[in-house]
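Each remark here refers to the structure printed beneath this line.
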Amino acid sequence: MKLLFADDNPIARSYVERGLSERGFSVDVAADGLAALSRARSGAYDLLILDVMMPKIDGFELVRRLRAE
């Protein structure tokens with residue numbers, strides 16, 4: 001299963017990425033909403049885990065844009 005985890009907190013990103021990877025998931029990470037949007041558009045992800053309050057665009061706006069496409 002391929003996941004995208006987006007969070008502006010580097011400690012949270014590190015812990016979540018490591019934990020999911022140790023459980024066999026393929027995990028990509030992004031530090032802000034625009035980076036996450038770019039990755040989401042270019043990759044085929046089974047699941048997006050998004051922080052609601054990220055810089056540049058928040059998680060809600062990211063989902064709105066993906067759904068509109």
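In the structure tokens, chains take letters A, B, ... by order of appearance, with residues numbered from 1 within each chain and ligands from 1 in the order shown.
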Practice prompt. Among the residues of chain A, find those DSSP assigns to strand (DSSP E) from the backbone and print them as a PyMOL selection string.
Written response: chain A and resi 2-6+26-30+47-50
Practice prompt. Compile the contact shell of Ser38 of chain A as a VMD selection string: residues with an atom at most 12 Å away, counting only C-alpha atoms, same-chain residues fewer than 2 positions apart removed.
Written response: chain A and resid 4 6 28 to 36 40 to 44 57 62 65 to 66
Item to complete: Would you kindly return, as a PyMOL selection string, each protein, DNA or RNA residue with an atom no farther than 10 Å from any atom of Met53 of chain A, considering only C-alpha atoms and excluding same-chain residues fewer than 5 positions away?
Response: chain A and resi 7-8+32-33+58-60
Item to complete: Write out as an NGL selection string each polymer residue whose atoms come within 9 Å of Asn9 of chain A, counting only C-alpha atoms; drop sequence neighbours fewer than 4 positions from it.
Response: :A and (13-14 or 31 or 54)
Practice prompt. Give me, please, the distance in Å between atom CA of Pro55 of chain A and atom CA of Arg18 of chain A, quoted to one decimal.
Written response: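 Distance between the two atoms: 22.7 Å.
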Worksheet item: Out of chain A, which residues get helix (DSSP H, G or I) from DSSP, as number ranges by chain?
Response: A: 10-22, 33-42, 59-68
Fill in: Distance in Å - atom CA of Gly24 of chain A versus atom CA of Arg67 of chain A
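If I compute the distance from atom CA of Gly24 of chain A to atom CA of Arg67 of chain A, I get 27.9 Å.
Shortest separation to Leu37 of chain A among A:Met1, A:Ala12, A:Gly19, A:Leu50 occurs at residue A:Leu50, atoms counted being only C-alpha atoms.
Atom CA of Val27 of chain A to atom CA of Lys2 of chain A spans 6.0 Å [interatomic distance, one decimal].
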Worksheet entry | Counting only C-alpha atoms, the residue of A:Ala68, A:Glu22, A:Val63, A:Pro10 that sits nearest Leu47 of chain A |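 Under the stated criterion, the closest residue is A:Val63.
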